[in-house]
$ cat entry-v2.txt   # compact mmCIF, C-alpha atoms
# COMPACT_ATOMS: atom_id res chain seq x y z
CA MET V 325 -0.10 -19.92 8.35
CA SER V 326 -3.05 -21.31 10.16
CA PRO V 327 -6.32 -20.43 8.38
CA ILE V 328 -7.82 -18.90 11.54
CA LEU V 329 -5.00 -16.37 11.78
CA PHE V 330 -5.32 -15.61 8.07
CA TRP V 331 -9.04 -14.88 8.39
CA ILE V 332 -8.57 -12.75 11.52
CA PHE V 333 -5.80 -10.61 10.04
CA THR V 334 -7.49 -10.29 6.64
CA ALA V 335 -10.75 -9.22 8.25
CA LEU V 336 -8.95 -6.67 10.43
CA MET V 337 -6.91 -5.38 7.47
CA LEU V 338 -10.01 -4.88 5.31
CA ALA V 339 -11.99 -3.36 8.19
CA PHE V 340 -9.28 -0.80 8.95
CA GLY V 341 -8.87 -0.15 5.21
CA THR V 342 -12.58 0.63 4.99
CA SER V 343 -12.29 2.91 7.97
CA VAL V 344 -9.50 4.84 6.15
CA VAL V 345 -11.99 5.59 3.40
CA LEU V 346 -15.00 6.29 5.59
CA ASN V 347 -13.48 8.45 8.33
CA ARG V 348 -13.97 12.18 7.93
CA ASP V 349 -11.14 13.09 10.29
CA PRO V 350 -7.73 12.77 8.52
CA VAL V 351 -5.97 11.82 11.78
CA ALA V 352 -8.36 8.92 12.31
CA SER V 353 -7.79 7.87 8.69
CA ALA V 354 -4.03 7.89 9.19
CA LEU V 355 -4.22 5.83 12.38
CA SER V 356 -6.52 3.31 10.68
CA LEU V 357 -3.98 3.07 7.88
CA VAL V 358 -1.25 2.22 10.44
CA ALA V 359 -3.45 -0.54 11.89
CA SER V 360 -4.19 -1.86 8.42
CA PHE V 361 -0.47 -2.00 7.60
CA LEU V 362 0.26 -3.85 10.85
CA CYS V 363 -2.27 -6.54 9.89
CA LEU V 364 -0.76 -6.68 6.41
CA SER V 365 2.71 -7.26 7.82
CA ALA V 366 1.27 -10.10 9.93
CA LEU V 367 0.05 -11.64 6.65
CA PHE V 368 3.57 -11.24 5.21
CA VAL V 369 5.06 -13.05 8.20
CA GLY V 370 2.47 -15.78 7.70
CA LEU V 371 3.75 -16.18 4.15
CA ASP V 372 7.31 -16.74 5.51
CA ALA V 373 8.46 -13.31 4.25
CA PHE V 374 9.89 -12.15 7.57
CA PHE V 375 12.17 -9.47 6.10
CA ILE V 376 9.35 -7.87 4.11
CA GLY V 377 7.11 -7.95 7.18
CA VAL V 378 9.70 -6.13 9.29
CA ILE V 379 10.40 -3.61 6.50
CA GLN V 380 6.67 -3.00 6.19
CA ILE V 381 6.40 -2.05 9.86
CA LEU V 382 9.61 0.02 9.91
CA VAL V 383 9.06 1.96 6.68
CA TYR V 384 5.27 2.29 6.53
CA ALA V 385 4.04 2.27 10.10
CA GLY V 386 7.22 4.00 11.25
CA ALA V 387 8.43 6.52 8.68
CA VAL V 388 5.68 7.13 6.14
CA MET V 389 2.78 7.40 8.56
CA VAL V 390 4.72 9.72 10.89
CA LEU V 391 5.29 11.93 7.84
CA PHE V 392 1.55 11.86 7.10
CA LEU V 393 0.67 12.78 10.68
CA PHE V 394 3.23 15.61 10.69
CA ILE V 395 1.76 17.07 7.51
CA ILE V 396 -1.79 16.78 8.84
CA MET V 397 -0.63 18.58 12.00
CA LEU V 398 1.27 21.21 10.00
CA LEU V 399 -1.68 22.01 7.75
CA ASP V 400 -4.00 22.02 10.80
CA LEU V 401 -6.75 20.13 9.00
CA LYS V 402 -10.08 20.02 10.74
CA ALA V 403 -12.45 17.14 10.29
CA GLU V 404 -14.05 17.46 6.91
CA LYS V 405 -17.25 19.51 6.90
CA ARG V 406 -20.29 17.71 5.64
CA ARG V 407 -20.22 19.05 2.12
CA HIS V 408 -23.03 18.70 -0.35
CA PHE V 409 -22.50 15.15 -1.52
CA ASN V 410 -21.93 14.72 -5.21
CA ARG V 411 -24.33 11.87 -5.87
CA LEU V 412 -22.95 11.18 -9.33
CA THR V 413 -19.43 10.65 -7.93
CA LEU V 414 -20.77 8.36 -5.22
CA VAL V 415 -22.70 6.18 -7.66
CA GLY V 416 -19.96 6.22 -10.29
CA GLY V 417 -17.10 5.47 -7.91
CA GLY V 418 -19.05 2.75 -6.13
CA ALA V 419 -20.01 1.19 -9.46
CA VAL V 420 -16.42 1.16 -10.73
CA ALA V 421 -15.10 -0.40 -7.51
CA ALA V 422 -17.92 -2.98 -7.43
CA GLY V 423 -17.26 -3.80 -11.08
CA PHE V 424 -13.59 -4.34 -10.24
CA VAL V 425 -14.49 -6.78 -7.43
CA PHE V 426 -16.92 -8.62 -9.71
CA GLU V 427 -14.30 -8.99 -12.43
CA LEU V 428 -11.74 -10.14 -9.87
CA LEU V 429 -14.08 -12.88 -8.64
CA HIS V 430 -14.65 -13.96 -12.22
CA VAL V 431 -10.92 -14.14 -12.97
CA LEU V 432 -10.09 -15.98 -9.73
CA ASN V 433 -12.87 -18.47 -10.42
CA SER V 434 -11.24 -19.50 -13.70
CA PHE V 435 -7.65 -19.37 -12.34
CA SER V 436 -7.17 -23.07 -11.70
CA MET V 437 -3.55 -22.85 -10.49
CA GLY V 438 -4.64 -20.67 -7.59
CA LYS V 439 -6.94 -23.37 -6.25
CA ASN V 440 -3.94 -25.45 -5.10
CA PRO V 441 -2.80 -25.13 -1.49
CA PHE V 442 0.65 -23.69 -0.78
CA PRO V 443 3.45 -26.27 -1.18
CA PRO V 444 5.57 -26.89 1.94
CA LEU V 445 9.00 -25.31 2.23
CA GLY V 446 11.91 -27.51 1.19
CA VAL V 447 14.19 -26.34 4.01
CA ALA V 448 13.92 -26.67 7.77
CA ARG V 449 15.01 -23.12 8.57
CA LEU V 450 14.44 -20.17 6.29
CA ASP V 451 17.29 -17.59 6.26
CA ASP V 452 15.25 -15.17 4.24
CA VAL V 453 17.19 -11.94 4.98
CA ARG V 454 20.28 -13.62 3.57
CA GLN V 455 18.40 -14.85 0.49
CA VAL V 456 16.86 -11.43 -0.19
CA GLY V 457 20.31 -9.85 0.21
CA ILE V 458 21.95 -12.31 -2.19
CA THR V 459 19.24 -11.75 -4.79
CA LEU V 460 19.38 -8.00 -4.33
CA PHE V 461 23.14 -7.66 -4.65
CA THR V 462 23.73 -10.17 -7.44
CA GLN V 463 20.76 -10.26 -9.79
CA PHE V 464 19.35 -6.82 -9.06
CA ASN V 465 22.46 -4.77 -8.37
CA LEU V 466 21.92 -2.17 -11.09
CA PRO V 467 18.27 -1.48 -10.14
CA PHE V 468 19.40 -1.21 -6.52
CA GLN V 469 21.96 1.51 -7.38
CA THR V 470 19.36 3.25 -9.53
CA VAL V 471 16.92 3.32 -6.63
CA GLY V 472 19.67 5.00 -4.60
CA VAL V 473 19.85 7.77 -7.22
CA LEU V 474 16.05 8.02 -7.15
CA VAL V 475 16.01 8.51 -3.38
CA LEU V 476 18.71 11.19 -3.70
CA VAL V 477 16.72 13.02 -6.38
CA ALA V 478 13.57 12.76 -4.28
CA SER V 479 15.23 14.20 -1.18
CA VAL V 480 16.75 17.11 -3.14
CA GLY V 481 13.38 17.69 -4.80
CA VAL V 482 11.58 17.79 -1.46
CA ILE V 483 14.00 20.43 -0.15
CA VAL V 484 13.53 22.54 -3.29
CA LEU V 485 9.74 22.18 -3.12
CA SER V 486 9.47 23.18 0.51
CA ARG V 487 11.47 26.41 0.29
CA ARG V 488 9.51 29.46 1.34
CA GLU V 489 9.16 31.33 -1.95
CA LEU V 490 8.42 29.05 -4.85
CA LYS V 491 8.84 30.61 -8.24
CA MET Z 1026 -10.91 -26.66 7.98
CA THR Z 1027 -9.54 -26.59 4.44
CA SER Z 1028 -6.04 -25.28 3.93
CA LEU Z 1029 -5.33 -21.88 2.42
CA THR Z 1030 -4.90 -21.56 -1.31
CA LEU Z 1031 -3.28 -18.88 -3.43
CA ASN Z 1032 -6.72 -17.57 -4.37
CA HIS Z 1033 -7.45 -16.65 -0.73
CA TYR Z 1034 -4.51 -14.27 -0.71
CA LEU Z 1035 -5.25 -12.92 -4.18
CA LEU Z 1036 -8.83 -12.23 -3.14
CA ALA Z 1037 -7.70 -10.43 0.03
CA SER Z 1038 -5.25 -8.39 -2.02
CA GLY Z 1039 -7.89 -7.54 -4.63
CA LEU Z 1040 -10.39 -6.47 -1.99
CA LEU Z 1041 -7.80 -4.22 -0.34
CA PHE Z 1042 -6.98 -2.76 -3.76
CA SER Z 1043 -10.63 -2.05 -4.52
CA ILE Z 1044 -11.10 -0.38 -1.12
CA GLY Z 1045 -8.20 1.94 -1.93
CA PHE Z 1046 -9.53 2.45 -5.44
CA ALA Z 1047 -12.99 3.39 -4.16
CA GLY Z 1048 -11.34 5.79 -1.71
CA VAL Z 1049 -9.41 7.53 -4.48
CA LEU Z 1050 -12.61 7.94 -6.48
CA LEU Z 1051 -14.91 8.97 -3.63
CA ARG Z 1052 -12.87 11.11 -1.25
CA ARG Z 1053 -12.34 14.83 -1.83
CA ASN Z 1054 -9.52 15.47 0.63
CA ILE Z 1055 -6.18 15.23 -1.16
CA ILE Z 1056 -4.36 13.75 1.88
CA THR Z 1057 -6.93 10.98 2.24
CA ILE Z 1058 -6.63 10.27 -1.48
CA PHE Z 1059 -2.90 9.91 -0.95
CA MET Z 1060 -3.45 7.42 1.89
CA CYS Z 1061 -5.77 5.38 -0.34
CA LEU Z 1062 -2.99 5.26 -2.95
CA GLU Z 1063 -0.75 3.70 -0.30
CA LEU Z 1064 -3.43 1.08 0.35
CA MET Z 1065 -3.43 0.17 -3.35
CA LEU Z 1066 0.37 -0.16 -3.46
CA ASN Z 1067 0.31 -2.45 -0.45
CA ALA Z 1068 -2.40 -4.61 -1.98
CA ALA Z 1069 -0.07 -5.22 -4.92
CA ASN Z 1070 2.71 -6.12 -2.48
CA LEU Z 1071 0.50 -8.72 -0.80
CA SER Z 1072 -0.18 -10.55 -4.05
CA LEU Z 1073 3.53 -10.44 -4.96
CA VAL Z 1074 4.52 -12.02 -1.64
CA ALA Z 1075 1.80 -14.65 -2.01
CA PHE Z 1076 3.10 -15.60 -5.46
CA SER Z 1077 6.64 -15.69 -4.07
CA ARG Z 1078 5.64 -18.20 -1.38
CA PHE Z 1079 3.56 -20.21 -3.84
CA HIS Z 1080 6.42 -20.69 -6.27
CA ILE Z 1081 8.83 -22.99 -4.41
CA GLY Z 1082 11.99 -23.45 -6.48
CA ALA Z 1083 14.15 -26.53 -6.94
CA ASP Z 1084 16.21 -25.60 -3.86
CA GLY Z 1085 13.10 -25.62 -1.68
CA LEU Z 1086 13.11 -21.85 -1.18
CA PRO Z 1087 10.44 -19.31 -2.14
CA ASN Z 1088 11.08 -17.21 -5.24
CA TYR Z 1089 13.00 -14.23 -3.89
CA ASN Z 1090 12.76 -12.14 -7.07
CA ALA Z 1091 9.24 -11.18 -6.02
CA GLN Z 1092 10.38 -10.13 -2.55
CA VAL Z 1093 13.13 -7.96 -4.03
CA LEU Z 1094 10.47 -6.35 -6.22
CA VAL Z 1095 8.40 -5.67 -3.09
CA PHE Z 1096 11.49 -4.09 -1.51
CA PHE Z 1097 11.83 -1.78 -4.52
CA ILE Z 1098 8.12 -0.91 -4.41
CA ILE Z 1099 8.38 0.04 -0.73
CA THR Z 1100 11.46 2.21 -1.41
CA VAL Z 1101 9.88 4.02 -4.35
CA ALA Z 1102 6.62 4.45 -2.41
CA ALA Z 1103 8.49 6.08 0.47
CA ALA Z 1104 10.19 8.52 -1.93
CA GLU Z 1105 6.85 9.18 -3.61
CA VAL Z 1106 5.18 9.96 -0.28
CA ALA Z 1107 7.89 12.48 0.60
CA VAL Z 1108 7.64 14.29 -2.74
CA GLY Z 1109 3.84 14.14 -2.80
CA LEU Z 1110 3.48 15.57 0.69
CA ALA Z 1111 5.93 18.37 -0.17
CA ILE Z 1112 3.78 19.22 -3.20
CA ILE Z 1113 0.65 19.19 -1.00
CA VAL Z 1114 2.30 21.55 1.49
CA ALA Z 1115 3.33 23.92 -1.33
CA LEU Z 1116 -0.21 23.74 -2.70
CA TYR Z 1117 -1.67 24.52 0.72
CA ARG Z 1118 0.59 27.55 1.06
CA ALA Z 1119 -0.57 28.87 -2.30
CA ARG Z 1120 -4.28 28.09 -1.98
CA GLN Z 1121 -5.09 27.37 1.73
CA THR Z 1122 -7.10 24.31 0.81
CA THR Z 1123 -6.69 20.55 0.44
CA HIS Z 1124 -9.99 19.91 -1.33
CA VAL Z 1125 -9.66 18.68 -4.87
CA GLU Z 1126 -12.92 20.44 -5.78
CA ASP Z 1127 -11.31 23.80 -4.98
CA LEU Z 1128 -8.27 23.04 -7.14
CA VAL Z 1129 -9.62 23.09 -10.66
CA SER Z 1130 -7.24 25.42 -12.50
CA LEU Z 1131 -3.96 24.11 -13.88
CA LYS Z 1132 -2.05 27.36 -13.47
CA PHE Z 1133 -2.25 29.94 -10.70
$ encode --input "entry-v2.txt" --output "structure tokens"
Amino acid sequence: MSPILFWIFTALMLAFGTSVVLNRDPVASALSLVASFLCLSALFVGLDAFFIGVIQILVYAGAVMVLFLFIIMLLDLKAEKRRHFNRLTLVGGGAVAAGFVFELLHVLNSFSMGKNPFPPLGVARLDDVRQVGITLFTQFNLPFQTVGVLVLVASVGVIVLSRRELK
Amino acid sequence: MTSLTLNHYLLASGLLFSIGFAGVLLRRNIITIFMCLELMLNAANLSLVAFSRFHIGADGLPNYNAQVLVFFIITVAAAEVAVGLAIIVALYRARQTTHVEDLVSLKF
């Protein structure tokens, strides 16, 4: 991936991510999250992970965010009122997040392997859907079936949870 | 211009994670907190894909174990979103609020 594209998409992704946190209106937050995920999938494509990039758009920007918007619409949430700001939470949360970034910079500074550039691909054309499929159905077949059971349990659970009278 | 290294991607992923983390800590609306959780999950995905591309195997292909793991993370995250939003809707029916400060009792 050309460095210019990387910087553009990373900057956009982080900017929209920040706008998810800072927006008071939940609808604006959700739309910023969609934009952030689109930039993230561009980064995936830049890393030659075409299948993951497409899945990211289909599942997140398509399914998950539509679900979020439906729920926001269903609950009829107004933009958050300007509540009395809990100053302790603001300082504490900001300090923890800043401490995390500081520690991350420290770790990355001493991570010498990460200072190498990406090696070139050894093949001319990357058939990455096929490779992901082979890995998924040979090495990870049991986890794949288990995830199927998980999705079934989740969908039954959602139906039970959203019945009118909950005991 | 210098070429991109693995650390560039790890830094981007870490910054996205910390944005989501700060959101979970600072925001009071439970739906926004949920969206920030999604941001954190996706930050982890970005570093996994970067490691996958960085580790070129003997056959000249990226390491696809990481991409399969990302696939699983996306699947589980989608199931988690569905269940979580159903819980939020049930909570809203019981309490008519989505503010975490109004939801302080364990049992009601």
$ closest_residue --input "entry-v2.txt" --among "V:Ser365, V:Asn410, V:Asn433, V:Asn440" --to "chain Z" --atoms "all atoms listed in the file"
V:Asn440
$ interface_residues --input "entry-v2.txt" --of "chain Z" --to "chain V" --cutoff "6 Å" --atoms "all atoms listed in the file" --output "count of residues only"
14
$ closest_residue --input "entry-v2.txt" --among "Z:Leu1131, Z:Leu1036, Z:Ile1098, Z:Ile1113" --to "Z:Ile1055" --atoms "all atoms listed in the file"
Z:Ile1113
$ atom_distance --input "entry-v2.txt" --atom1 "atom CA of Z:Leu1073" --atom2 "atom CA of V:Val390"
25.7 Å
